[in-house]
>>> print(open('protein.cif').read())   # mmCIF, C-alpha atoms and all ligand atoms
data_run
#
loop_
_atom_site.group_PDB
_atom_site.id
_atom_site.type_symbol
_atom_site.label_atom_id
_atom_site.label_comp_id
_atom_site.auth_asym_id
_atom_site.auth_seq_id
_atom_site.Cartn_x
_atom_site.Cartn_y
_atom_site.Cartn_z
ATOM 1 C CA MET A 1 101.406 154.837 -159.488
ATOM 2 C CA SER A 2 101.223 156.775 -156.215
ATOM 3 C CA ARG A 3 98.335 159.155 -155.645
ATOM 4 C CA PRO A 4 99.286 162.756 -156.594
ATOM 5 C CA MET A 5 99.186 165.125 -153.632
ATOM 6 C CA PRO A 6 99.498 168.924 -153.700
ATOM 7 C CA ALA A 7 103.069 170.080 -153.222
ATOM 8 C CA VAL A 8 104.467 173.612 -153.387
ATOM 9 C CA TYR A 9 108.142 174.388 -153.923
ATOM 10 C CA LEU A 10 109.460 177.908 -153.446
ATOM 11 C CA VAL A 11 111.904 178.323 -156.340
ATOM 12 C CA ALA A 12 112.734 182.050 -156.500
ATOM 13 C CA ARG A 13 112.984 184.795 -153.899
ATOM 14 C CA PRO A 14 113.832 188.517 -153.700
ATOM 15 C CA GLN A 15 117.381 189.694 -153.190
ATOM 16 C CA PHE A 16 118.168 193.012 -151.491
ATOM 17 C CA ASP A 17 121.348 194.850 -152.443
ATOM 18 C CA ALA A 18 121.797 196.485 -149.045
ATOM 19 C CA GLU A 19 125.255 197.821 -149.893
ATOM 20 C CA ARG A 20 123.899 199.798 -152.826
ATOM 21 C CA PHE A 21 121.034 201.104 -150.756
ATOM 22 C CA LEU A 22 123.348 202.186 -147.937
ATOM 23 C CA ALA A 23 125.649 203.858 -150.476
ATOM 24 C CA PHE A 24 122.666 205.856 -151.711
ATOM 25 C CA LEU A 25 121.834 206.907 -148.129
ATOM 26 C CA GLN A 26 125.421 207.933 -147.506
ATOM 27 C CA HIS A 27 125.289 210.069 -150.632
ATOM 28 C CA GLU A 28 122.119 211.685 -149.231
ATOM 29 C CA ASN A 29 123.829 212.134 -145.863
ATOM 30 C CA GLU A 30 121.221 209.931 -144.214
ATOM 31 C CA ARG A 31 121.401 207.022 -141.774
ATOM 32 C CA TRP A 32 119.120 204.000 -141.477
ATOM 33 C CA GLN A 33 118.730 202.133 -138.197
ATOM 34 C CA ARG A 34 118.231 198.582 -139.514
ATOM 35 C CA SER A 35 116.515 195.833 -137.521
ATOM 36 C CA GLU A 36 118.633 192.857 -136.673
ATOM 37 C CA GLY A 37 117.319 189.645 -138.208
ATOM 38 C CA ALA A 38 115.065 191.267 -140.807
ATOM 39 C CA THR A 39 115.077 189.184 -143.998
ATOM 40 C CA PRO A 40 115.886 190.590 -147.475
ATOM 41 C CA SER A 41 112.182 190.685 -148.377
ATOM 42 C CA GLU A 42 111.323 192.486 -145.163
ATOM 43 C CA GLU A 43 114.119 195.009 -145.691
ATOM 44 C CA ILE A 44 113.053 195.687 -149.289
ATOM 45 C CA VAL A 45 109.565 196.588 -148.080
ATOM 46 C CA GLU A 46 110.876 198.771 -145.269
ATOM 47 C CA ALA A 47 113.369 200.515 -147.563
ATOM 48 C CA ALA A 48 110.653 201.185 -150.166
ATOM 49 C CA GLY A 49 108.289 202.499 -147.496
ATOM 50 C CA ARG A 50 110.920 204.789 -145.978
ATOM 51 C CA ILE A 51 111.711 206.267 -149.393
ATOM 52 C CA CYS A 52 108.127 207.608 -149.521
ATOM 53 C CA TYR A 53 108.854 209.956 -146.602
ATOM 54 C CA MET A 54 112.649 209.810 -146.520
ATOM 55 C CA SER A 55 112.151 208.692 -142.923
ATOM 56 C CA PHE A 56 115.803 208.089 -142.135
ATOM 57 C CA GLY A 57 118.096 209.612 -139.538
ATOM 58 C CA ASP A 58 116.194 211.900 -137.167
ATOM 59 C CA ARG A 59 112.929 211.198 -139.009
ATOM 60 C CA GLN A 60 113.110 207.430 -138.310
ATOM 61 C CA ALA A 61 110.625 206.513 -135.549
ATOM 62 C CA PRO A 62 111.864 203.887 -133.078
ATOM 63 C CA ARG A 63 109.987 200.989 -134.693
ATOM 64 C CA SER A 64 111.368 197.575 -135.576
ATOM 65 C CA ASN A 65 111.112 196.330 -139.148
ATOM 66 C CA ALA A 66 108.146 194.118 -138.166
ATOM 67 C CA GLU A 67 106.390 197.034 -136.445
ATOM 68 C CA TYR A 68 107.053 199.307 -139.404
ATOM 69 C CA ILE A 69 105.530 196.806 -141.864
ATOM 70 C CA ALA A 70 102.576 196.073 -139.559
ATOM 71 C CA HIS A 71 101.909 199.825 -139.532
ATOM 72 C CA LEU A 72 101.992 199.973 -143.351
ATOM 73 C CA ILE A 73 99.453 197.125 -143.493
ATOM 74 C CA THR A 74 97.200 198.712 -140.874
ATOM 75 C CA MET A 75 97.273 202.026 -142.754
ATOM 76 C CA GLY A 76 96.337 200.246 -146.007
ATOM 77 C CA HIS A 77 99.631 201.320 -147.597
ATOM 78 C CA GLU A 78 99.978 197.848 -149.110
ATOM 79 C CA SER A 79 101.312 198.927 -152.521
ATOM 80 C CA VAL A 80 104.731 198.916 -150.833
ATOM 81 C CA LEU A 81 104.355 195.148 -150.423
ATOM 82 C CA GLU A 82 104.329 194.776 -154.201
ATOM 83 C CA HIS A 83 108.111 195.215 -154.301
ATOM 84 C CA VAL A 84 108.698 191.626 -153.225
ATOM 85 C CA SER A 85 107.547 188.549 -155.054
ATOM 86 C CA TRP A 86 108.233 184.844 -154.932
ATOM 87 C CA SER A 87 107.971 182.064 -157.503
ATOM 88 C CA PHE A 88 106.423 178.714 -156.674
ATOM 89 C CA LEU A 89 106.189 175.440 -158.479
ATOM 90 C CA VAL A 90 102.826 173.886 -157.666
ATOM 91 C CA THR A 91 102.414 170.230 -158.526
ATOM 92 C CA GLY A 92 100.101 167.325 -157.683
ATOM 93 C CA VAL A 93 97.070 169.561 -158.159
ATOM 94 C CA SER A 94 93.981 169.177 -160.316
ATOM 95 C CA ARG A 95 92.921 171.214 -163.328
ATOM 96 C CA ALA A 96 89.808 172.094 -161.305
ATOM 97 C CA PHE A 97 92.041 173.738 -158.717
ATOM 98 C CA THR A 98 94.180 175.625 -161.246
ATOM 99 C CA HIS A 99 91.106 176.839 -163.097
ATOM 100 C CA GLN A 100 90.124 178.663 -159.904
ATOM 101 C CA LEU A 101 93.647 179.893 -159.155
ATOM 102 C CA VAL A 102 94.292 181.442 -162.563
ATOM 103 C CA ARG A 103 91.203 183.647 -162.200
ATOM 104 C CA HIS A 104 93.438 185.939 -160.128
ATOM 105 C CA ARG A 105 94.696 188.697 -162.395
ATOM 106 C CA VAL A 106 96.596 191.266 -160.386
ATOM 107 C CA GLY A 107 100.202 190.864 -159.216
ATOM 108 C CA VAL A 108 100.420 187.239 -160.314
ATOM 109 C CA ALA A 109 101.884 185.357 -163.289
ATOM 110 C CA PHE A 110 101.183 181.753 -164.237
ATOM 111 C CA SER A 111 102.789 179.208 -166.558
ATOM 112 C CA GLN A 112 100.961 175.893 -166.707
ATOM 113 C CA LEU A 113 101.569 172.500 -168.255
ATOM 114 C CA SER A 114 99.926 172.511 -171.691
ATOM 115 C CA GLN A 115 97.556 169.727 -172.706
ATOM 116 C CA GLN A 116 98.208 170.681 -176.352
ATOM 117 C CA TYR A 117 101.995 170.272 -176.206
ATOM 118 C CA HIS A 118 102.058 167.502 -173.603
ATOM 119 C CA ASP A 119 100.780 163.987 -174.349
ATOM 120 C CA GLU A 120 98.338 163.095 -171.560
ATOM 121 C CA SER A 121 98.192 159.358 -172.347
ATOM 122 C CA ASP A 122 99.735 158.668 -168.932
ATOM 123 C CA ALA A 123 97.877 161.399 -167.058
ATOM 124 C CA THR A 124 97.369 160.901 -163.348
ATOM 125 C CA PHE A 125 94.371 162.159 -161.427
ATOM 126 C CA VAL A 126 94.036 164.004 -158.126
ATOM 127 C CA MET A 127 91.561 162.269 -155.842
ATOM 128 C CA PRO A 128 89.740 164.600 -153.438
ATOM 129 C CA SER A 129 90.325 163.434 -149.877
ATOM 130 C CA GLN A 130 86.571 163.321 -149.340
ATOM 131 C CA VAL A 131 86.357 160.659 -152.058
ATOM 132 C CA ALA A 132 89.163 158.701 -150.403
ATOM 133 C CA ARG A 133 87.119 158.487 -147.200
ATOM 134 C CA SER A 134 84.357 156.385 -148.818
ATOM 135 C CA ALA A 135 85.004 153.016 -150.475
ATOM 136 C CA ALA A 136 81.927 153.391 -152.696
ATOM 137 C CA ALA A 137 82.898 156.912 -153.768
ATOM 138 C CA GLU A 138 86.473 155.853 -154.436
ATOM 139 C CA ALA A 139 85.340 152.924 -156.615
ATOM 140 C CA ALA A 140 83.058 155.196 -158.674
ATOM 141 C CA TRP A 141 85.808 157.801 -158.987
ATOM 142 C CA GLN A 142 88.471 155.264 -160.024
ATOM 143 C CA GLN A 143 86.147 153.791 -162.623
ATOM 144 C CA ALA A 144 85.470 157.230 -164.138
ATOM 145 C CA VAL A 145 89.104 158.367 -164.353
ATOM 146 C CA THR A 146 90.239 154.999 -165.720
ATOM 147 C CA ALA A 147 87.561 155.234 -168.414
ATOM 148 C CA ALA A 148 88.724 158.760 -169.249
ATOM 149 C CA ARG A 149 92.332 157.604 -169.640
ATOM 150 C CA VAL A 150 91.260 154.702 -171.863
ATOM 151 C CA ALA A 151 89.096 157.028 -173.980
ATOM 152 C CA TYR A 152 91.993 159.502 -174.320
ATOM 153 C CA ARG A 153 94.239 156.759 -175.651
ATOM 154 C CA GLU A 154 91.520 155.539 -178.051
ATOM 155 C CA LEU A 155 91.059 159.082 -179.362
ATOM 156 C CA ARG A 156 94.833 159.400 -179.747
ATOM 157 C CA ASP A 157 94.994 156.162 -181.736
ATOM 158 C CA ALA A 158 92.038 157.151 -183.897
ATOM 159 C CA LEU A 159 93.071 160.758 -184.521
ATOM 160 C CA ALA A 160 96.890 160.916 -184.463
ATOM 161 C CA PRO A 161 97.722 160.965 -188.185
ATOM 162 C CA PRO A 162 100.489 158.805 -189.630
ATOM 163 C CA SER A 163 103.607 160.973 -189.911
ATOM 164 C CA THR A 164 103.275 162.143 -193.510
ATOM 165 C CA ALA A 165 103.913 165.800 -192.613
ATOM 166 C CA THR A 166 107.094 167.083 -194.214
ATOM 167 C CA THR A 167 107.884 170.003 -191.921
ATOM 168 C CA GLU A 168 108.299 170.239 -188.147
ATOM 169 C CA ASP A 169 105.638 172.982 -188.097
ATOM 170 C CA ALA A 170 103.128 170.692 -189.781
ATOM 171 C CA ARG A 171 103.972 167.810 -187.429
ATOM 172 C CA ARG A 172 103.584 170.086 -184.393
ATOM 173 C CA GLU A 173 100.199 171.365 -185.545
ATOM 174 C CA ALA A 174 99.041 167.810 -186.282
ATOM 175 C CA ARG A 175 99.999 166.819 -182.729
ATOM 176 C CA ARG A 176 98.253 169.905 -181.367
ATOM 177 C CA ALA A 177 95.107 169.002 -183.318
ATOM 178 C CA TRP A 178 94.729 165.449 -181.999
ATOM 179 C CA ARG A 179 95.717 166.424 -178.443
ATOM 180 C CA SER A 180 93.182 169.261 -178.497
ATOM 181 C CA ALA A 181 90.477 166.819 -179.481
ATOM 182 C CA ALA A 182 91.584 164.050 -177.112
ATOM 183 C CA ARG A 183 91.965 166.313 -174.070
ATOM 184 C CA SER A 184 88.278 167.193 -174.276
ATOM 185 C CA ILE A 185 87.626 163.862 -172.568
ATOM 186 C CA LEU A 186 89.889 164.516 -169.574
ATOM 187 C CA PRO A 187 88.224 165.272 -166.251
ATOM 188 C CA ASN A 188 88.711 168.175 -163.841
ATOM 189 C CA ALA A 189 90.725 165.781 -161.665
ATOM 190 C CA THR A 190 93.582 165.574 -164.206
ATOM 191 C CA GLU A 191 96.862 166.321 -162.471
ATOM 192 C CA THR A 192 98.748 169.415 -163.630
ATOM 193 C CA LYS A 193 101.782 171.516 -162.793
ATOM 194 C CA LEU A 194 101.953 175.260 -162.553
ATOM 195 C CA PHE A 195 104.680 177.847 -162.072
ATOM 196 C CA MET A 196 103.354 180.879 -160.242
ATOM 197 C CA THR A 197 104.959 184.184 -159.328
ATOM 198 C CA ALA A 198 103.109 186.513 -156.984
ATOM 199 C CA ASN A 199 103.942 189.646 -155.080
ATOM 200 C CA ALA A 200 103.317 189.845 -151.338
ATOM 201 C CA ARG A 201 100.239 192.017 -151.665
ATOM 202 C CA ALA A 202 98.640 189.652 -154.182
ATOM 203 C CA LEU A 203 99.548 186.702 -151.952
ATOM 204 C CA ARG A 204 97.845 188.310 -148.954
ATOM 205 C CA HIS A 205 94.691 188.714 -151.047
ATOM 206 C CA LEU A 206 94.945 185.151 -152.345
ATOM 207 C CA LEU A 207 95.448 183.721 -148.852
ATOM 208 C CA ALA A 208 92.486 185.701 -147.491
ATOM 209 C CA VAL A 209 89.944 184.832 -150.178
ATOM 210 C CA ARG A 210 91.127 181.327 -151.085
ATOM 211 C CA GLY A 211 92.828 179.821 -148.058
ATOM 212 C CA THR A 212 89.891 180.324 -145.714
ATOM 213 C CA VAL A 213 87.169 178.466 -147.642
ATOM 214 C CA VAL A 214 86.228 175.456 -145.503
ATOM 215 C CA GLY A 215 84.603 173.479 -148.345
ATOM 216 C CA ASP A 216 87.618 173.679 -150.692
ATOM 217 C CA GLU A 217 90.251 171.372 -149.253
ATOM 218 C CA GLU A 218 92.601 171.241 -152.239
ATOM 219 C CA MET A 219 92.799 175.047 -152.256
ATOM 220 C CA ARG A 220 93.332 175.112 -148.481
ATOM 221 C CA GLN A 221 96.130 172.548 -148.755
ATOM 222 C CA VAL A 222 97.991 174.650 -151.313
ATOM 223 C CA MET A 223 97.376 177.988 -149.590
ATOM 224 C CA ALA A 224 98.588 176.568 -146.265
ATOM 225 C CA GLN A 225 101.812 175.372 -147.902
ATOM 226 C CA ILE A 226 102.327 178.773 -149.525
ATOM 227 C CA LEU A 227 101.690 180.553 -146.227
ATOM 228 C CA ARG A 228 104.218 178.372 -144.385
ATOM 229 C CA LEU A 229 106.818 179.083 -147.087
ATOM 230 C CA VAL A 230 106.338 182.844 -147.174
ATOM 231 C CA ARG A 231 106.173 183.152 -143.396
ATOM 232 C CA ASP A 232 109.640 181.555 -143.345
ATOM 233 C CA GLU A 233 110.745 184.155 -145.896
ATOM 234 C CA ALA A 234 109.120 187.242 -144.454
ATOM 235 C CA ALA A 235 106.927 186.723 -141.389
ATOM 236 C CA ALA A 236 106.552 190.498 -141.002
ATOM 237 C CA LEU A 237 104.552 190.649 -144.253
ATOM 238 C CA PHE A 238 102.044 188.074 -143.011
ATOM 239 C CA PRO A 239 101.656 188.802 -139.274
ATOM 240 C CA ASP A 240 97.869 188.465 -139.447
ATOM 241 C CA PHE A 241 97.872 185.047 -141.177
ATOM 242 C CA GLN A 242 98.308 181.683 -139.470
ATOM 243 C CA VAL A 243 97.860 178.077 -140.517
ATOM 244 C CA GLY A 244 95.129 176.462 -138.413
ATOM 245 C CA ALA A 245 93.489 173.059 -138.588
ATOM 246 C CA LEU A 246 89.915 171.889 -139.080
ATOM 247 C CA PRO A 247 88.511 169.045 -136.924
ATOM 248 C CA ASP A 248 89.510 166.523 -139.633
ATOM 249 C CA GLY A 249 93.135 167.698 -139.310
ATOM 250 C CA SER A 250 93.281 169.442 -142.698
ATOM 251 C CA PRO A 251 94.843 172.909 -142.797
ATOM 252 C CA ILE A 252 93.049 176.212 -143.118
ATOM 253 C CA VAL A 253 94.345 179.748 -143.347
ATOM 254 C CA VAL A 254 93.201 181.827 -140.407
ATOM 255 C CA ARG A 255 93.328 185.597 -140.601
ATOM 256 C CA THR A 256 93.269 187.736 -137.513
ATOM 257 C CA PRO A 257 92.343 191.309 -138.435
ATOM 258 C CA PRO A 258 94.854 193.806 -137.016
ATOM 259 C CA SER A 259 93.598 195.279 -133.718
HETATM 260 C C1 LIG B 1 84.613 181.495 -152.493
HETATM 261 C C2 LIG B 1 84.696 181.895 -153.938
HETATM 262 C C3 LIG B 1 83.705 181.531 -154.808
HETATM 263 C C4 LIG B 1 83.779 181.897 -156.154
HETATM 264 N N1 LIG B 1 82.774 181.523 -156.999
HETATM 265 C C5 LIG B 1 82.835 181.877 -158.307
HETATM 266 C C6 LIG B 1 81.807 181.505 -159.228
HETATM 267 O O1 LIG B 1 80.844 180.852 -158.868
HETATM 268 N N2 LIG B 1 81.923 181.886 -160.511
HETATM 269 C C7 LIG B 1 82.980 182.632 -160.954
HETATM 270 O O2 LIG B 1 83.028 182.980 -162.140
HETATM 271 N N3 LIG B 1 83.969 182.987 -160.125
HETATM 272 C C8 LIG B 1 83.920 182.643 -158.825
HETATM 273 N N4 LIG B 1 84.932 183.006 -157.987
HETATM 274 C C9 LIG B 1 86.078 183.738 -158.529
HETATM 275 C C10 LIG B 1 86.012 185.235 -158.210
HETATM 276 O O3 LIG B 1 84.843 185.813 -158.750
HETATM 277 C C11 LIG B 1 87.241 185.955 -158.767
HETATM 278 O O4 LIG B 1 87.246 185.892 -160.166
HETATM 279 C C12 LIG B 1 88.526 185.385 -158.278
HETATM 280 O O5 LIG B 1 88.462 184.998 -156.926
HETATM 281 C C13 LIG B 1 89.603 186.453 -158.436
HETATM 282 O O6 LIG B 1 89.364 187.408 -157.417
HETATM 283 P P1 LIG B 1 89.775 188.896 -157.498
HETATM 284 O O7 LIG B 1 89.134 189.546 -158.681
HETATM 285 O O8 LIG B 1 89.503 189.513 -156.154
HETATM 286 O O9 LIG B 1 91.357 188.760 -157.643
HETATM 287 P P2 LIG B 1 92.402 189.477 -158.571
HETATM 288 O O10 LIG B 1 92.077 189.321 -159.997
HETATM 289 O O11 LIG B 1 93.717 188.945 -158.158
HETATM 290 O O12 LIG B 1 92.283 190.983 -158.177
HETATM 291 C C14 LIG B 1 92.765 191.450 -156.913
HETATM 292 C C15 LIG B 1 91.981 192.687 -156.532
HETATM 293 O O13 LIG B 1 92.307 193.724 -157.469
HETATM 294 C C16 LIG B 1 91.140 194.508 -157.705
HETATM 295 N N5 LIG B 1 90.753 194.354 -159.137
HETATM 296 C C17 LIG B 1 91.156 193.389 -159.991
HETATM 297 N N6 LIG B 1 90.646 193.588 -161.208
HETATM 298 C C18 LIG B 1 89.887 194.690 -161.120
HETATM 299 C C19 LIG B 1 89.083 195.367 -162.051
HETATM 300 N N7 LIG B 1 88.943 194.982 -163.302
HETATM 301 N N8 LIG B 1 88.431 196.471 -161.640
HETATM 302 C C20 LIG B 1 88.552 196.906 -160.361
HETATM 303 N N9 LIG B 1 89.295 196.284 -159.396
HETATM 304 C C21 LIG B 1 89.965 195.188 -159.796
HETATM 305 C C22 LIG B 1 90.051 193.985 -156.794
HETATM 306 O O14 LIG B 1 90.101 194.683 -155.573
HETATM 307 C C23 LIG B 1 90.463 192.555 -156.576
HETATM 308 O O15 LIG B 1 89.940 191.983 -155.380
HETATM 309 C C24 LIG B 1 84.886 182.653 -156.629
HETATM 310 C C25 LIG B 1 85.906 183.010 -155.735
HETATM 311 C C26 LIG B 1 85.815 182.647 -154.407
HETATM 312 C C27 LIG B 1 86.943 183.044 -153.467
#
>>> encode(input="protein.cif", output="structure tokens", more="lines below")
Ligand SMILES: Cc1cc2nc3c(=O)[nH]c(=O)nc-3n(C[C@H](O)[C@H](O)[C@H](O)COP(=O)(O)OP(=O)(O)OC[C@H]3O[C@@H](n4cnc5c(N)ncnc54)[C@H](O)[C@@H]3O)c2cc1C
Amino acid sequence: MSRPMPAVYLVARPQFDAERFLAFLQHENERWQRSEGATPSEEIVEAAGRICYMSFGDRQAPRSNAEYIAHLITMGHESVLEHVSWSFLVTGVSRAFTHQLVRHRVGVAFSQLSQQYHDESDATFVMPSQVARSAAAEAAWQQAVTAARVAYRELRDALAPPSTATTEDARREARRAWRSAARSILPNATETKLFMTANARALRHLLAVRGTVVGDEEMRQVMAQILRLVRDEAAALFPDFQVGALPDGSPIVVRTPPS
């Protein structure tokens, strides 16, 4: 089986109903000078920000969408960025990684593969790239994860009761019971999948505190993929974030504080 690698898929994005918004402005007898090329996410943020001051028509300063959003960020008016969120499917990552990620509480939602409902007899394991660079480390690592998989299957065989349960509820709880016991043997490296939704403000926080940690390559790999995806969606919301590279070629999020 091929080695699992972190992969992030963007699976849901904001949609802006510009026609409705313009109809509202017409009703208010207001005009909005829109920026050519602004994406739906960027326009949602600008529209939300302008509502705060009704800065349309004569009250609209001659700023592009990107300049307007950069100003919001510089002023610390980042709650406006909460109006856009994206959903990602994150796969090929370890339980160690997701344990860190799900510590984030604000502006994020997670749904993760369950080790109680999902049989992990064929679990795969995410090898840290540092391990892959040393033959001795890789041999020790392979031995440990293989032993864990074997032990999981032995626990399954010893604990999974013969199907005497008469109801589906009872069968489900019996499965949950043996999987709960058997999963206790699985290592942090066990591969998992996670569906994550986050708003732009939460993502900026996540990228800043998680994507910049040199010693955490798996986190950097995922954060760099997320940053590339959201910059394609709404570069104006992430003008101060770039994907850089460390000397070993692995990605790192670089943040340039606004001047
Ligand atoms: C490099 C690094 C090392 C770490 N090491 C450890 C460790 O050794 N042990 C450990 O347990 N954790 C560790 N953590 C996890 C860390 O303590 C946080 O739990 C995690 O990063 C979530 O951060 P957060 O609270 O800023 O994010 P979120 O939960 O997403 O919150 C976002 C922001 O909202 C505000 N906020 C959220 N909740 C509250 C609240 N209740 N009250 C007031 N303001 C709030 C804060 O401004 C916060 O920064 C580490 C994190 C990093 C980045």
>>> closest_atom_pairs(input="protein.cif", of="stretch 14-120 of chain A", to="stretch 205-216 of chain A", cutoff="12 Å", atoms="only C-alpha atoms", output="Markdown table")
| residue | atom | partner | partner_atom | distance |
| --- | --- | --- | --- | --- |
| A:Glu78 | CA | A:His205 | CA | 10.7 |
| A:Leu81 | CA | A:His205 | CA | 11.6 |
| A:Glu82 | CA | A:His205 | CA | 11.8 |
| A:Ala96 | CA | A:Asp216 | CA | 11.0 |
| A:Phe97 | CA | A:Asp216 | CA | 9.2 |
| A:Gln100 | CA | A:Arg210 | CA | 9.3 |
| A:Leu101 | CA | A:Arg210 | CA | 8.6 |
| A:Val102 | CA | A:Leu206 | CA | 10.9 |
| A:Arg103 | CA | A:Leu206 | CA | 10.6 |
| A:His104 | CA | A:Leu206 | CA | 8.0 |
| A:Arg105 | CA | A:Leu206 | CA | 10.7 |
| A:Val106 | CA | A:His205 | CA | 9.9 |
| A:Gly107 | CA | A:His205 | CA | 10.1 |
| A:Val108 | CA | A:Leu206 | CA | 9.9 |
>>> resolve_selection(input="protein.cif", expression="the PyMOL selection byres (((chain A and resi 238) around 12) and not hetatm)", output="PyMOL selection string")
chain A and resi 41-42+66-67+69-70+72-74+78+81+200-205+207-208+226-237+239-243+253-258
>>> resolve_selection(input="protein.cif", expression="the PyMOL selection byres (((chain A and resi 49) around 10) and not hetatm)", output="ChimeraX atom specification")
/A:43-48,50-55,68-69,72,77-81,83
>>> closest_residue(input="protein.cif", among="A:Val90, A:Met5, A:Ile185, A:Leu246", to="A:Ala147", atoms="only C-alpha atoms")
A:Ile185
>>> resolve_selection(input="protein.cif", expression="the PyMOL selection byres (((chain A and resi 160) around 10) and not hetatm)", output="VMD selection string")
chain A and resid 154 to 159 161 to 163 174 to 179 182
>>> residues_around(input="protein.cif", residues="A:Glu28", least_positions_apart="4", cutoff="12 Å", atoms="all atoms listed in the file", output="MDAnalysis selection string")
chainID A and resid 21:24 32 51 54 56:57
>>> atom_distance(input="protein.cif", atom1="atom CA of A:Ala198", atom2="atom C12 of ligand LIG 1 (chain B)")
14.7 Å
>>> atom_distance(input="protein.cif", atom1="atom CA of A:His71", atom2="atom CA of A:Ser35")
15.3 Å
>>> residues_around(input="protein.cif", residues="A:Met127", least_positions_apart="4", cutoff="8 Å", atoms="all atoms listed in the file", output="PyMOL selection string")
chain A and resi 3-4+131-132+141+189
>>> closest_residue(input="protein.cif", among="A:Gln60, A:Thr192, A:Ser111, A:Thr98", to="ligand LIG 1 (chain B)", atoms="only C-alpha atoms and all ligand atoms")
A:Thr98
>>> closest_residue(input="protein.cif", among="A:His118, A:Arg149, A:Ala109, A:Asp58", to="ligand LIG 1 (chain B)", atoms="only C-alpha atoms and all ligand atoms")
A:Ala109
>>> closest_residue(input="protein.cif", among="A:Arg133, A:His99, A:Ala12, A:Pro128", to="ligand LIG 1 (chain B)", atoms="only C-alpha atoms and all ligand atoms")
A:His99
>>> atom_distance(input="protein.cif", atom1="atom CA of A:Ala224", atom2="atom C15 of ligand LIG 1 (chain B)")
20.2 Å
>>> axis_aligned_box(input="protein.cif", around="ligand LIG 1 (chain B)", padding_each_side="6 Å", output="lines of an AutoDock Vina configuration file")
center_x = 87.3
center_y = 188.9
center_z = -157.9
size_x = 24.9
size_y = 28.1
size_z = 22.8
>>> closest_residue(input="protein.cif", among="A:Met196, A:Asp169, A:Leu25, A:Glu218", to="A:Leu10", atoms="all atoms listed in the file")
A:Met196
>>> decode(input="protein.cif", residues="stretch 72-76 of chain A", atoms="all heavy atoms", output="PDB file, in the first residue's frame")
ATOM      1  N   LEU A  72      -9.405  46.874   6.535  1.00  0.00           N
ATOM      2  CA  LEU A  72     -10.153  46.225   7.624  1.00  0.00           C
ATOM      3  C   LEU A  72      -9.196  45.428   8.515  1.00  0.00           C
ATOM      4  O   LEU A  72      -9.269  45.481   9.747  1.00  0.00           O
ATOM      5  CB  LEU A  72     -11.191  45.242   7.058  1.00  0.00           C
ATOM      6  CG  LEU A  72     -12.455  45.781   6.385  1.00  0.00           C
ATOM      7  CD1 LEU A  72     -13.303  44.616   5.874  1.00  0.00           C
ATOM      8  CD2 LEU A  72     -13.274  46.626   7.360  1.00  0.00           C
ATOM      9  N   ILE A  73      -8.294  44.676   7.867  1.00  0.00           N
ATOM     10  CA  ILE A  73      -7.362  43.813   8.609  1.00  0.00           C
ATOM     11  C   ILE A  73      -6.418  44.679   9.448  1.00  0.00           C
ATOM     12  O   ILE A  73      -6.187  44.416  10.632  1.00  0.00           O
ATOM     13  CB  ILE A  73      -6.593  42.886   7.635  1.00  0.00           C
ATOM     14  CG1 ILE A  73      -7.559  41.883   6.988  1.00  0.00           C
ATOM     15  CG2 ILE A  73      -5.456  42.161   8.354  1.00  0.00           C
ATOM     16  CD1 ILE A  73      -6.985  41.088   5.839  1.00  0.00           C
ATOM     17  N   THR A  74      -5.903  45.735   8.838  1.00  0.00           N
ATOM     18  CA  THR A  74      -4.974  46.618   9.553  1.00  0.00           C
ATOM     19  C   THR A  74      -5.648  47.266  10.765  1.00  0.00           C
ATOM     20  O   THR A  74      -5.042  47.426  11.819  1.00  0.00           O
ATOM     21  CB  THR A  74      -4.462  47.740   8.605  1.00  0.00           C
ATOM     22  OG1 THR A  74      -3.971  47.120   7.432  1.00  0.00           O
ATOM     23  CG2 THR A  74      -3.355  48.563   9.243  1.00  0.00           C
ATOM     24  N   MET A  75      -6.932  47.610  10.595  1.00  0.00           N
ATOM     25  CA  MET A  75      -7.669  48.253  11.694  1.00  0.00           C
ATOM     26  C   MET A  75      -8.101  47.246  12.767  1.00  0.00           C
ATOM     27  O   MET A  75      -8.669  47.625  13.789  1.00  0.00           O
ATOM     28  CB  MET A  75      -8.939  48.928  11.143  1.00  0.00           C
ATOM     29  CG  MET A  75      -8.691  50.026  10.128  1.00  0.00           C
ATOM     30  SD  MET A  75      -7.854  51.439  10.840  1.00  0.00           S
ATOM     31  CE  MET A  75      -9.173  52.147  11.800  1.00  0.00           C
ATOM     32  N   GLY A  76      -7.892  45.943  12.503  1.00  0.00           N
ATOM     33  CA  GLY A  76      -8.334  44.929  13.465  1.00  0.00           C
ATOM     34  C   GLY A  76      -9.831  44.681  13.408  1.00  0.00           C
ATOM     35  O   GLY A  76     -10.405  44.085  14.326  1.00  0.00           O
TER      36      GLY A  76
END
